[in-house]
Amino acid sequence: MRTESFAGDGRSGSGPALDKQAVLLLAVQGLIAIATALSGTFLPIYLWKASQSLALIGWFHSTLYTVSGLTFWIAGKWVKEHNKMNSLRLGIVLSGVFYFVILLLGTRAVTYAIPLGVLGGLGQGFFWLAYNVVYFEITEPANRDRFNGWTGLIASGAGIVVPWISGFIITASTGNQGYSIIYTASAIIFGIATILSFWLKKREAAGRYEWLYGFRQLKTPGDPWRRVALAIVAQGIRDGVFMFLVGLLVFMATRNEQKLGSFSLITSLLALISFWLIGR
């Protein structure tokens with residue numbers, strides 16, 4: 001992937017190659033994308049089949065994203081001033097535990113939808129907070145576009161192939177056996193990602209964490225973060241509502257997990273193409 005960056009008055013047409021640490025972080029992120037696509041796509045379906053309640057699924061996702069946001073803010077001090085790599089590993093471990101607990105609970109998971117939302121939110125918060133900081137430190141302006149390009153490629157690739165495989169496994173199995181298989185596989189993949197993360201070097205902490213810094217930026221007239229925040233809110237609506245609701249509606253209309261997997265394949269393929277075009 002070609003990248004363009006500005007350095008002083010000169011212009012570089014192609015950034016430097018990614019180093020081993022950046023490639024390793026991509027591998028960890030790729031495993032997370034695979035594990036999430038394997039089971040995350042069908043988690044709302046699993047809860048719906050056990051509860052027949054859209055309200056319960058809504059409460060689950062509301063809890064997940066609320067806890068994830070609070071984790072970003074509260075754990076920011078740990079990541080800023082202490083060991084950000086431990087935050088990243090803890091997020092991976094908690095995400096693996098999340099799917100393992102669902103596996104153990106089976107259909108009783110609907111009874112614990114709110115606690116499961118808390119557990120999933122903690123996993124997402126700890127991982128993505130640390131990941132966003134570490135990736136920025138590992139890369140540099142000249143090759144950050146290259147890293148982001150590979151990130152999008154891996155995520156879209158996982159979205160194309162993995163949900164279709166999950167849908168096939170679920171429809172080919174009897175009862176909830178297919179769900180047990182994909183939840184087990186996700187927990188194992190998260191475990192592999194945790195082991196792999198220990199080869200990521202510990203990065204030095206610097207500076208002090210300012211609890212209200214972000215709020216002050218949003219209160220400052222003309223600050224570019226005010227515009228960025230509106231874009232992030234729009235993305236949050238998309239991730240927090242449409243990512244689970246559209247897939248659930250597809251299943252409710254078709255009553256077939258395989259067709260939901262095919263739907264995910266098509267949308268992820270188009271996402272891959274649009275990602276490449278916009279990147280260009």
# chains A, B, ... in the order shown; residues from 1 in each chain; ligands from 1
call {"tool": "residues_around", "arguments": {"residues": "range 18-35 of chain A", "least_positions_apart": "2", "cutoff": "9 Å", "atoms": "only C-alpha atoms", "output": "tab-separated table (two decimals) with all heavy atoms, in the first residue's frame"}}
result
chain	number	residue	atom	x	y	z
A	15	GLY	N	5.93	5.56	2.29
A	15	GLY	CA	6.47	5.55	3.64
A	15	GLY	C	7.33	4.32	3.87
A	15	GLY	O	7.32	3.36	3.11
A	16	PRO	N	8.09	4.31	4.96
A	16	PRO	CA	8.93	3.17	5.29
A	16	PRO	C	8.09	1.95	5.64
A	16	PRO	O	6.93	2.06	6.02
A	16	PRO	CB	9.73	3.67	6.49
A	16	PRO	CG	8.88	4.74	7.11
A	16	PRO	CD	8.19	5.39	5.96
A	37	ALA	N	-15.54	-11.52	14.70
A	37	ALA	CA	-16.40	-11.83	13.56
A	37	ALA	C	-16.99	-13.23	13.68
A	37	ALA	O	-18.12	-13.47	13.25
A	37	ALA	CB	-15.61	-11.70	12.27
A	38	LEU	N	-16.25	-14.13	14.30
A	38	LEU	CA	-16.69	-15.52	14.43
A	38	LEU	C	-17.95	-15.63	15.29
A	38	LEU	O	-18.90	-16.33	14.94
A	38	LEU	CB	-15.57	-16.36	15.04
A	38	LEU	CG	-15.75	-17.88	15.06
A	38	LEU	CD1	-15.80	-18.43	13.65
A	38	LEU	CD2	-14.61	-18.53	15.84
A	39	SER	N	-17.96	-14.92	16.42
A	39	SER	CA	-19.06	-15.05	17.37
A	39	SER	C	-19.89	-13.78	17.52
A	39	SER	O	-21.10	-13.86	17.78
A	39	SER	CB	-18.53	-15.46	18.75
A	39	SER	OG	-17.92	-16.72	18.70
A	40	GLY	N	-19.24	-12.61	17.41
A	40	GLY	CA	-19.94	-11.35	17.65
A	40	GLY	C	-21.09	-11.12	16.70
A	40	GLY	O	-22.13	-10.56	17.08
A	92	ILE	N	-7.84	-8.29	26.13
A	92	ILE	CA	-7.94	-9.53	25.35
A	92	ILE	C	-8.44	-10.67	26.23
A	92	ILE	O	-9.33	-11.44	25.84
A	92	ILE	CB	-6.58	-9.89	24.73
A	92	ILE	CG1	-6.09	-8.77	23.79
A	92	ILE	CG2	-6.68	-11.20	23.95
A	92	ILE	CD1	-4.69	-9.00	23.26
A	96	GLY	N	-11.95	-12.87	25.92
A	96	GLY	CA	-11.99	-14.32	25.86
A	96	GLY	C	-12.87	-14.91	26.94
A	96	GLY	O	-13.65	-15.84	26.70
A	131	TYR	N	-4.75	-0.25	22.61
A	131	TYR	CA	-4.40	-0.45	21.20
A	131	TYR	C	-4.23	0.87	20.47
A	131	TYR	O	-3.27	1.07	19.72
A	131	TYR	CB	-5.47	-1.30	20.52
A	131	TYR	CG	-5.26	-1.47	19.04
A	131	TYR	CD1	-4.47	-2.49	18.53
A	131	TYR	CD2	-5.87	-0.59	18.13
A	131	TYR	CE1	-4.28	-2.63	17.17
A	131	TYR	CE2	-5.69	-0.73	16.76
A	131	TYR	CZ	-4.89	-1.75	16.29
A	131	TYR	OH	-4.70	-1.88	14.94
A	134	VAL	N	-0.93	2.40	21.65
A	134	VAL	CA	0.26	1.64	21.23
A	134	VAL	C	0.49	1.75	19.73
A	134	VAL	O	1.62	1.94	19.27
A	134	VAL	CB	0.12	0.16	21.65
A	134	VAL	CG1	1.25	-0.68	21.06
A	134	VAL	CG2	0.13	0.05	23.17
A	135	TYR	N	-0.59	1.65	18.95
A	135	TYR	CA	-0.39	1.72	17.49
A	135	TYR	C	0.15	3.07	17.07
A	135	TYR	O	0.95	3.19	16.14
A	135	TYR	CB	-1.72	1.40	16.78
A	135	TYR	CG	-2.32	2.51	15.98
A	135	TYR	CD1	-1.86	2.80	14.70
A	135	TYR	CD2	-3.36	3.30	16.50
A	135	TYR	CE1	-2.40	3.83	13.96
A	135	TYR	CE2	-3.91	4.32	15.75
A	135	TYR	CZ	-3.43	4.58	14.49
A	135	TYR	OH	-3.98	5.61	13.76
A	138	ILE	N	3.91	2.95	17.95
A	138	ILE	CA	4.69	2.03	17.13
A	138	ILE	C	4.89	2.57	15.72
A	138	ILE	O	5.96	2.40	15.12
A	138	ILE	CB	3.99	0.64	17.08
A	138	ILE	CG1	4.21	-0.08	18.42
A	138	ILE	CG2	4.52	-0.21	15.94
A	138	ILE	CD1	3.52	-1.43	18.49
A	139	THR	N	3.88	3.24	15.19
A	139	THR	CA	3.98	3.78	13.84
A	139	THR	C	4.48	5.23	13.89
A	139	THR	O	4.69	5.79	14.95
A	139	THR	CB	2.62	3.74	13.12
A	139	THR	OG1	1.66	4.51	13.88
A	139	THR	CG2	2.13	2.31	13.00
A	143	ASN	N	4.44	6.08	7.92
A	143	ASN	CA	3.91	4.75	7.62
A	143	ASN	C	2.59	4.44	8.33
A	143	ASN	O	2.12	3.31	8.31
A	143	ASN	CB	4.94	3.66	7.96
A	143	ASN	CG	5.24	3.57	9.45
A	143	ASN	OD1	4.64	4.26	10.26
A	143	ASN	ND2	6.19	2.72	9.79
A	144	ARG	N	1.99	5.46	8.95
A	144	ARG	CA	0.73	5.23	9.67
A	144	ARG	C	-0.40	4.89	8.71
A	144	ARG	O	-1.28	4.08	9.03
A	144	ARG	CB	0.40	6.45	10.53
A	144	ARG	CG	-0.67	6.20	11.58
A	144	ARG	CD	-0.61	7.25	12.65
A	144	ARG	NE	0.60	7.14	13.46
A	144	ARG	CZ	1.34	8.17	13.85
A	144	ARG	NH1	1.00	9.41	13.51
A	144	ARG	NH2	2.42	7.98	14.58
A	146	ARG	N	-0.06	3.27	5.98
A	146	ARG	CA	0.18	1.88	5.61
A	146	ARG	C	-0.40	0.93	6.67
A	146	ARG	O	-1.06	-0.06	6.36
A	146	ARG	CB	1.68	1.63	5.43
A	146	ARG	CG	2.04	0.25	4.90
A	146	ARG	CD	3.53	0.01	5.02
A	146	ARG	NE	4.30	0.98	4.25
A	146	ARG	CZ	4.68	0.80	2.98
A	146	ARG	NH1	4.35	-0.31	2.36
A	146	ARG	NH2	5.39	1.72	2.37
A	147	PHE	N	-0.14	1.26	7.94
A	147	PHE	CA	-0.65	0.44	9.04
A	147	PHE	C	-2.17	0.43	9.04
A	147	PHE	O	-2.80	-0.63	9.15
A	147	PHE	CB	-0.12	0.99	10.38
A	147	PHE	CG	-0.51	0.16	11.57
A	147	PHE	CD1	0.33	-0.84	12.04
A	147	PHE	CD2	-1.72	0.37	12.23
A	147	PHE	CE1	-0.02	-1.61	13.14
A	147	PHE	CE2	-2.09	-0.40	13.32
A	147	PHE	CZ	-1.23	-1.39	13.78
A	150	TRP	N	-3.57	-1.77	6.24
A	150	TRP	CA	-3.55	-3.19	6.56
A	150	TRP	C	-4.59	-3.55	7.61
A	150	TRP	O	-5.20	-4.62	7.57
A	150	TRP	CB	-2.16	-3.61	7.03
A	150	TRP	CG	-1.22	-3.86	5.89
A	150	TRP	CD1	-0.17	-3.09	5.48
A	150	TRP	CD2	-1.27	-4.96	4.99
A	150	TRP	NE1	0.44	-3.63	4.38
A	150	TRP	CE2	-0.22	-4.79	4.06
A	150	TRP	CE3	-2.10	-6.08	4.87
A	150	TRP	CZ2	0.02	-5.70	3.03
A	150	TRP	CZ3	-1.86	-6.99	3.84
A	150	TRP	CH2	-0.81	-6.79	2.94
A	151	THR	N	-4.82	-2.63	8.56
A	151	THR	CA	-5.85	-2.86	9.57
A	151	THR	C	-7.22	-3.02	8.92
A	151	THR	O	-7.98	-3.95	9.23
A	151	THR	CB	-5.89	-1.70	10.58
A	151	THR	OG1	-4.64	-1.62	11.26
A	151	THR	CG2	-7.00	-1.90	11.60
A	154	ILE	N	-7.39	-6.36	6.93
A	154	ILE	CA	-7.56	-7.54	7.78
A	154	ILE	C	-8.97	-7.62	8.35
A	154	ILE	O	-9.61	-8.68	8.34
A	154	ILE	CB	-6.52	-7.51	8.92
A	154	ILE	CG1	-5.11	-7.69	8.35
A	154	ILE	CG2	-6.81	-8.59	9.96
A	154	ILE	CD1	-4.01	-7.43	9.36
A	155	ALA	N	-9.48	-6.49	8.85
A	155	ALA	CA	-10.82	-6.47	9.44
A	155	ALA	C	-11.88	-6.82	8.40
A	155	ALA	O	-12.81	-7.60	8.67
A	155	ALA	CB	-11.10	-5.11	10.05
A	156	SER	N	-11.76	-6.24	7.20
A	156	SER	CA	-12.73	-6.52	6.15
A	156	SER	C	-12.62	-7.97	5.69
A	156	SER	O	-13.63	-8.64	5.43
A	156	SER	CB	-12.53	-5.58	4.97
A	156	SER	OG	-12.75	-4.24	5.34
A	157	GLY	N	-11.38	-8.47	5.58
A	157	GLY	CA	-11.19	-9.86	5.19
A	157	GLY	C	-11.83	-10.81	6.19
A	157	GLY	O	-12.48	-11.80	5.80
A	158	ALA	N	-11.66	-10.52	7.48
A	158	ALA	CA	-12.29	-11.35	8.51
A	158	ALA	C	-13.81	-11.27	8.40
A	158	ALA	O	-14.51	-12.29	8.55
A	158	ALA	CB	-11.84	-10.90	9.90
A	159	GLY	N	-14.33	-10.08	8.13
A	159	GLY	CA	-15.77	-9.91	8.00
A	159	GLY	C	-16.35	-10.62	6.78
A	159	GLY	O	-17.52	-10.98	6.76
A	162	VAL	N	-15.22	-15.04	7.78
A	162	VAL	CA	-15.50	-15.71	9.06
A	162	VAL	C	-17.00	-15.83	9.37
A	162	VAL	O	-17.46	-16.91	9.76
A	162	VAL	CB	-14.74	-15.01	10.20
A	162	VAL	CG1	-15.06	-15.66	11.54
A	162	VAL	CG2	-13.23	-15.07	9.94
A	182	ILE	N	-18.58	-22.15	17.90
A	182	ILE	CA	-17.96	-20.86	17.55
A	182	ILE	C	-17.55	-20.08	18.79
A	182	ILE	O	-16.53	-19.37	18.78
A	182	ILE	CB	-18.91	-20.01	16.66
A	182	ILE	CG1	-20.20	-19.64	17.40
A	182	ILE	CG2	-19.21	-20.73	15.36
A	182	ILE	CD1	-21.08	-18.67	16.63
A	183	TYR	N	-18.28	-20.22	19.91
A	183	TYR	CA	-17.87	-19.55	21.14
A	183	TYR	C	-16.58	-20.16	21.68
A	183	TYR	O	-15.71	-19.46	22.19
A	183	TYR	CB	-18.98	-19.62	22.19
A	183	TYR	CG	-20.19	-18.78	21.86
A	183	TYR	CD1	-21.46	-19.19	22.22
A	183	TYR	CD2	-20.05	-17.58	21.17
A	183	TYR	CE1	-22.58	-18.42	21.91
A	183	TYR	CE2	-21.16	-16.81	20.86
A	183	TYR	CZ	-22.42	-17.23	21.22
A	183	TYR	OH	-23.51	-16.47	20.90
A	185	ALA	N	-14.26	-21.62	19.84
A	185	ALA	CA	-13.21	-21.18	18.93
A	185	ALA	C	-12.79	-19.74	19.22
A	185	ALA	O	-11.59	-19.41	19.22
A	185	ALA	CB	-13.68	-21.31	17.48
A	186	SER	N	-13.76	-18.87	19.50
A	186	SER	CA	-13.43	-17.47	19.81
A	186	SER	C	-12.59	-17.37	21.07
A	186	SER	O	-11.61	-16.63	21.12
A	186	SER	CB	-14.73	-16.65	19.98
A	186	SER	OG	-15.39	-16.49	18.75
A	187	ALA	N	-12.98	-18.12	22.12
A	187	ALA	CA	-12.22	-18.08	23.36
A	187	ALA	C	-10.79	-18.56	23.15
A	187	ALA	O	-9.83	-17.98	23.70
A	187	ALA	CB	-12.91	-18.95	24.42
A	188	ILE	N	-10.60	-19.59	22.31
A	188	ILE	CA	-9.25	-20.10	22.02
A	188	ILE	C	-8.44	-19.06	21.26
A	188	ILE	O	-7.25	-18.83	21.55
A	188	ILE	CB	-9.35	-21.41	21.22
A	188	ILE	CG1	-9.94	-22.52	22.10
A	188	ILE	CG2	-7.97	-21.82	20.70
A	188	ILE	CD1	-10.23	-23.80	21.34
A	189	ILE	N	-9.05	-18.40	20.29
A	189	ILE	CA	-8.34	-17.39	19.50
A	189	ILE	C	-7.92	-16.21	20.37
A	189	ILE	O	-6.82	-15.68	20.24
A	189	ILE	CB	-9.21	-16.92	18.31
A	189	ILE	CG1	-9.41	-18.07	17.33
A	189	ILE	CG2	-8.57	-15.74	17.60
A	189	ILE	CD1	-10.42	-17.79	16.23
A	190	PHE	N	-8.80	-15.79	21.28
A	190	PHE	CA	-8.43	-14.73	22.22
A	190	PHE	C	-7.25	-15.17	23.08
A	190	PHE	O	-6.38	-14.36	23.41
A	190	PHE	CB	-9.62	-14.36	23.10
A	190	PHE	CG	-10.56	-13.38	22.48
A	190	PHE	CD1	-11.86	-13.74	22.18
A	190	PHE	CD2	-10.15	-12.08	22.19
A	190	PHE	CE1	-12.75	-12.83	21.60
A	190	PHE	CE2	-11.02	-11.17	21.61
A	190	PHE	CZ	-12.32	-11.55	21.31
A	192	ILE	N	-4.85	-17.24	22.15
A	192	ILE	CA	-3.66	-17.16	21.30
A	192	ILE	C	-3.20	-15.71	21.16
A	192	ILE	O	-2.00	-15.42	21.21
A	192	ILE	CB	-3.96	-17.77	19.91
A	192	ILE	CG1	-4.26	-19.26	20.04
A	192	ILE	CG2	-2.80	-17.54	18.95
A	192	ILE	CD1	-4.76	-19.90	18.76
A	193	ALA	N	-4.15	-14.79	21.01
A	193	ALA	CA	-3.80	-13.37	20.89
A	193	ALA	C	-3.14	-12.87	22.17
A	193	ALA	O	-2.19	-12.07	22.12
A	193	ALA	CB	-5.05	-12.55	20.60
A	194	THR	N	-3.60	-13.35	23.33
A	194	THR	CA	-2.99	-12.95	24.60
A	194	THR	C	-1.53	-13.41	24.67
A	194	THR	O	-0.64	-12.64	25.04
A	194	THR	CB	-3.77	-13.57	25.79
A	194	THR	OG1	-5.13	-13.15	25.73
A	194	THR	CG2	-3.16	-13.12	27.11
A	196	LEU	N	0.44	-14.11	22.16
A	196	LEU	CA	1.21	-13.37	21.15
A	196	LEU	C	1.55	-11.96	21.63
A	196	LEU	O	2.62	-11.41	21.30
A	196	LEU	CB	0.41	-13.31	19.85
A	196	LEU	CG	1.17	-12.98	18.56
A	196	LEU	CD1	2.22	-14.04	18.29
A	196	LEU	CD2	0.20	-12.88	17.39
A	197	SER	N	0.66	-11.36	22.43
A	197	SER	CA	0.87	-9.99	22.88
A	197	SER	C	2.08	-9.84	23.80
A	197	SER	O	2.59	-8.74	23.99
A	197	SER	CB	-0.39	-9.47	23.59
A	197	SER	OG	-0.57	-10.13	24.84
A	199	TRP	N	4.97	-10.71	23.22
A	199	TRP	CA	6.14	-10.35	22.43
A	199	TRP	C	6.14	-8.86	22.06
A	199	TRP	O	7.11	-8.38	21.48
A	199	TRP	CB	6.21	-11.21	21.17
A	199	TRP	CG	6.91	-12.52	21.41
A	199	TRP	CD1	8.24	-12.78	21.26
A	199	TRP	CD2	6.30	-13.74	21.84
A	199	TRP	NE1	8.49	-14.09	21.59
A	199	TRP	CE2	7.33	-14.71	21.94
A	199	TRP	CE3	5.00	-14.12	22.15
A	199	TRP	CZ2	7.10	-16.02	22.34
A	199	TRP	CZ3	4.75	-15.42	22.56
A	199	TRP	CH2	5.79	-16.35	22.65
A	200	LEU	N	5.06	-8.17	22.37
A	200	LEU	CA	5.05	-6.71	22.19
A	200	LEU	C	5.83	-6.08	23.33
A	200	LEU	O	5.60	-6.37	24.50
A	200	LEU	CB	3.60	-6.19	22.19
A	200	LEU	CG	2.75	-6.51	20.96
A	200	LEU	CD1	1.29	-6.21	21.24
A	200	LEU	CD2	3.23	-5.72	19.76
A	201	LYS	N	6.75	-5.23	23.00
A	201	LYS	CA	7.64	-4.64	24.01
A	201	LYS	C	6.88	-3.65	24.89
A	201	LYS	O	6.00	-2.92	24.43
A	201	LYS	CB	8.81	-3.92	23.32
A	201	LYS	CG	9.73	-4.85	22.54
A	201	LYS	CD	10.83	-4.06	21.86
A	201	LYS	CE	11.73	-4.99	21.04
A	201	LYS	NZ	12.78	-4.22	20.33
call {"tool": "residues_around", "arguments": {"residues": "Asn86 in chain A", "least_positions_apart": "5", "cutoff": "10 Å", "atoms": "only C-alpha atoms", "output": "PyMOL selection string"}}
result
chain A and resi 78-79+91-92+126-127+130+197-198+202
call {"tool": "residues_around", "arguments": {"residues": "Tyr209 in chain A", "least_positions_apart": "3", "cutoff": "7 Å", "atoms": "only C-alpha atoms", "output": "CSV table (one decimal) with N, CA, C and O atoms, in the first residue's frame"}}
result
chain,number,residue,atom,x,y,z
A,77,LYS,N,-5.8,6.8,32.9
A,77,LYS,CA,-4.7,7.2,33.8
A,77,LYS,C,-3.7,6.0,33.9
A,77,LYS,O,-2.5,6.3,33.9
A,80,LYS,N,-1.8,6.0,30.6
A,80,LYS,CA,-1.0,7.2,30.4
A,80,LYS,C,0.2,7.2,31.3
A,80,LYS,O,1.3,7.5,30.9
A,81,GLU,N,0.0,6.7,32.6
A,81,GLU,CA,1.1,6.9,33.5
A,81,GLU,C,1.8,5.6,33.9
A,81,GLU,O,2.8,5.6,34.6
call {"tool": "residues_around", "arguments": {"residues": "Ser274 in chain A", "least_positions_apart": "5", "cutoff": "12 Å", "atoms": "only C-alpha atoms", "output": "ChimeraX atom specification"}}
result
/A:149,152-153,156,267-269,279-280
call {"tool": "write_last_selection", "arguments": {"atoms": "C-alpha atoms", "output": "PDB file, in the first residue's frame"}}
result
ATOM      1  CA  GLY A 149      -4.566   0.259   5.390  1.00  0.00           C
ATOM      2  CA  GLY A 152      -8.821  -2.206   7.309  1.00  0.00           C
ATOM      3  CA  LEU A 153      -7.806  -5.003   4.958  1.00  0.00           C
ATOM      4  CA  SER A 156     -12.734  -6.522   6.150  1.00  0.00           C
ATOM      5  CA  THR A 267     -21.389  -6.027   3.113  1.00  0.00           C
ATOM      6  CA  SER A 268     -17.797  -6.716   4.204  1.00  0.00           C
ATOM      7  CA  LEU A 269     -16.693  -7.182   0.598  1.00  0.00           C
ATOM      8  CA  GLY A 279      -7.762   5.285   0.962  1.00  0.00           C
ATOM      9  CA  ARG A 280      -6.653   6.107  -2.576  1.00  0.00           C
TER      10      ARG A 280
END
call {"tool": "closest_residue", "arguments": {"among": "A:Phe244, A:Trp211, A:Trp128, A:Phe100", "to": "Met85 in chain A", "atoms": "only C-alpha atoms"}}
result
A:Trp128
call {"tool": "residues_around", "arguments": {"residues": "Tyr213 in chain A", "least_positions_apart": "4", "cutoff": "12 Å", "atoms": "only C-alpha atoms", "output": "list in words"}}
result
Trp73, Gly76, Lys77, Arg208, Tyr209, Gln217, Leu218, Lys219, Thr220 and Trp225 of chain A
call {"tool": "residues_around", "arguments": {"residues": "Met252 in chain A", "least_positions_apart": "3", "cutoff": "12 Å", "atoms": "only C-alpha atoms", "output": "PDB file with N, CA and C atoms, in the first residue's frame"}}
result
ATOM      1  N   PRO A  44     -26.199 -11.382  19.002  1.00  0.00           N
ATOM      2  CA  PRO A  44     -27.585 -10.899  19.130  1.00  0.00           C
ATOM      3  C   PRO A  44     -28.614 -11.954  18.726  1.00  0.00           C
ATOM      4  N   ILE A  45     -28.262 -12.781  17.729  1.00  0.00           N
ATOM      5  CA  ILE A  45     -29.176 -13.839  17.298  1.00  0.00           C
ATOM      6  C   ILE A  45     -29.355 -14.854  18.417  1.00  0.00           C
ATOM      7  N   TYR A  46     -28.254 -15.194  19.064  1.00  0.00           N
ATOM      8  CA  TYR A  46     -28.294 -16.166  20.162  1.00  0.00           C
ATOM      9  C   TYR A  46     -29.171 -15.658  21.303  1.00  0.00           C
ATOM     10  N   TRP A  48     -31.506 -13.377  21.041  1.00  0.00           N
ATOM     11  CA  TRP A  48     -32.888 -13.264  20.566  1.00  0.00           C
ATOM     12  C   TRP A  48     -33.592 -14.622  20.592  1.00  0.00           C
ATOM     13  N   LYS A  49     -32.917 -15.665  20.157  1.00  0.00           N
ATOM     14  CA  LYS A  49     -33.526 -16.983  20.133  1.00  0.00           C
ATOM     15  C   LYS A  49     -33.851 -17.479  21.535  1.00  0.00           C
ATOM     16  N   GLN A  52     -36.407 -13.849  22.846  1.00  0.00           N
ATOM     17  CA  GLN A  52     -37.442 -13.244  22.001  1.00  0.00           C
ATOM     18  C   GLN A  52     -37.738 -11.811  22.449  1.00  0.00           C
ATOM     19  N   SER A  53     -36.699 -11.104  22.909  1.00  0.00           N
ATOM     20  CA  SER A  53     -36.884  -9.752  23.455  1.00  0.00           C
ATOM     21  C   SER A  53     -35.869  -8.789  22.854  1.00  0.00           C
ATOM     22  N   LEU A  54     -36.366  -7.828  22.069  1.00  0.00           N
ATOM     23  CA  LEU A  54     -35.489  -6.786  21.551  1.00  0.00           C
ATOM     24  C   LEU A  54     -35.029  -5.854  22.670  1.00  0.00           C
ATOM     25  N   LEU A 245     -28.496  -4.404  15.043  1.00  0.00           N
ATOM     26  CA  LEU A 245     -29.914  -4.415  14.708  1.00  0.00           C
ATOM     27  C   LEU A 245     -30.164  -4.886  13.279  1.00  0.00           C
ATOM     28  N   VAL A 246     -29.329  -4.440  12.337  1.00  0.00           N
ATOM     29  CA  VAL A 246     -29.535  -4.833  10.946  1.00  0.00           C
ATOM     30  C   VAL A 246     -29.368  -6.341  10.784  1.00  0.00           C
ATOM     31  N   GLY A 247     -28.296  -6.879  11.387  1.00  0.00           N
ATOM     32  CA  GLY A 247     -28.088  -8.323  11.310  1.00  0.00           C
ATOM     33  C   GLY A 247     -29.224  -9.098  11.960  1.00  0.00           C
ATOM     34  N   LEU A 248     -29.720  -8.588  13.067  1.00  0.00           N
ATOM     35  CA  LEU A 248     -30.834  -9.246  13.750  1.00  0.00           C
ATOM     36  C   LEU A 248     -32.093  -9.223  12.884  1.00  0.00           C
ATOM     37  N   LEU A 249     -32.355  -8.095  12.220  1.00  0.00           N
ATOM     38  CA  LEU A 249     -33.516  -7.996  11.340  1.00  0.00           C
ATOM     39  C   LEU A 249     -33.400  -8.950  10.151  1.00  0.00           C
ATOM     40  N   ARG A 255     -34.784 -16.288   9.175  1.00  0.00           N
ATOM     41  CA  ARG A 255     -34.711 -17.419  10.113  1.00  0.00           C
ATOM     42  C   ARG A 255     -33.597 -18.391   9.722  1.00  0.00           C
ATOM     43  N   ASN A 256     -32.489 -17.838   9.207  1.00  0.00           N
ATOM     44  CA  ASN A 256     -31.396 -18.694   8.738  1.00  0.00           C
ATOM     45  C   ASN A 256     -30.061 -18.000   8.994  1.00  0.00           C
ATOM     46  N   GLU A 257     -29.229 -18.615   9.842  1.00  0.00           N
ATOM     47  CA  GLU A 257     -27.919 -18.015  10.154  1.00  0.00           C
ATOM     48  C   GLU A 257     -27.001 -17.996   8.943  1.00  0.00           C
ATOM     49  N   LYS A 259     -27.810 -17.398   5.861  1.00  0.00           N
ATOM     50  CA  LYS A 259     -28.123 -16.222   5.047  1.00  0.00           C
ATOM     51  C   LYS A 259     -27.582 -14.945   5.689  1.00  0.00           C
ATOM     52  N   LEU A 260     -27.568 -14.901   7.035  1.00  0.00           N
ATOM     53  CA  LEU A 260     -26.954 -13.764   7.710  1.00  0.00           C
ATOM     54  C   LEU A 260     -25.458 -13.735   7.441  1.00  0.00           C
TER      55      LEU A 260
END
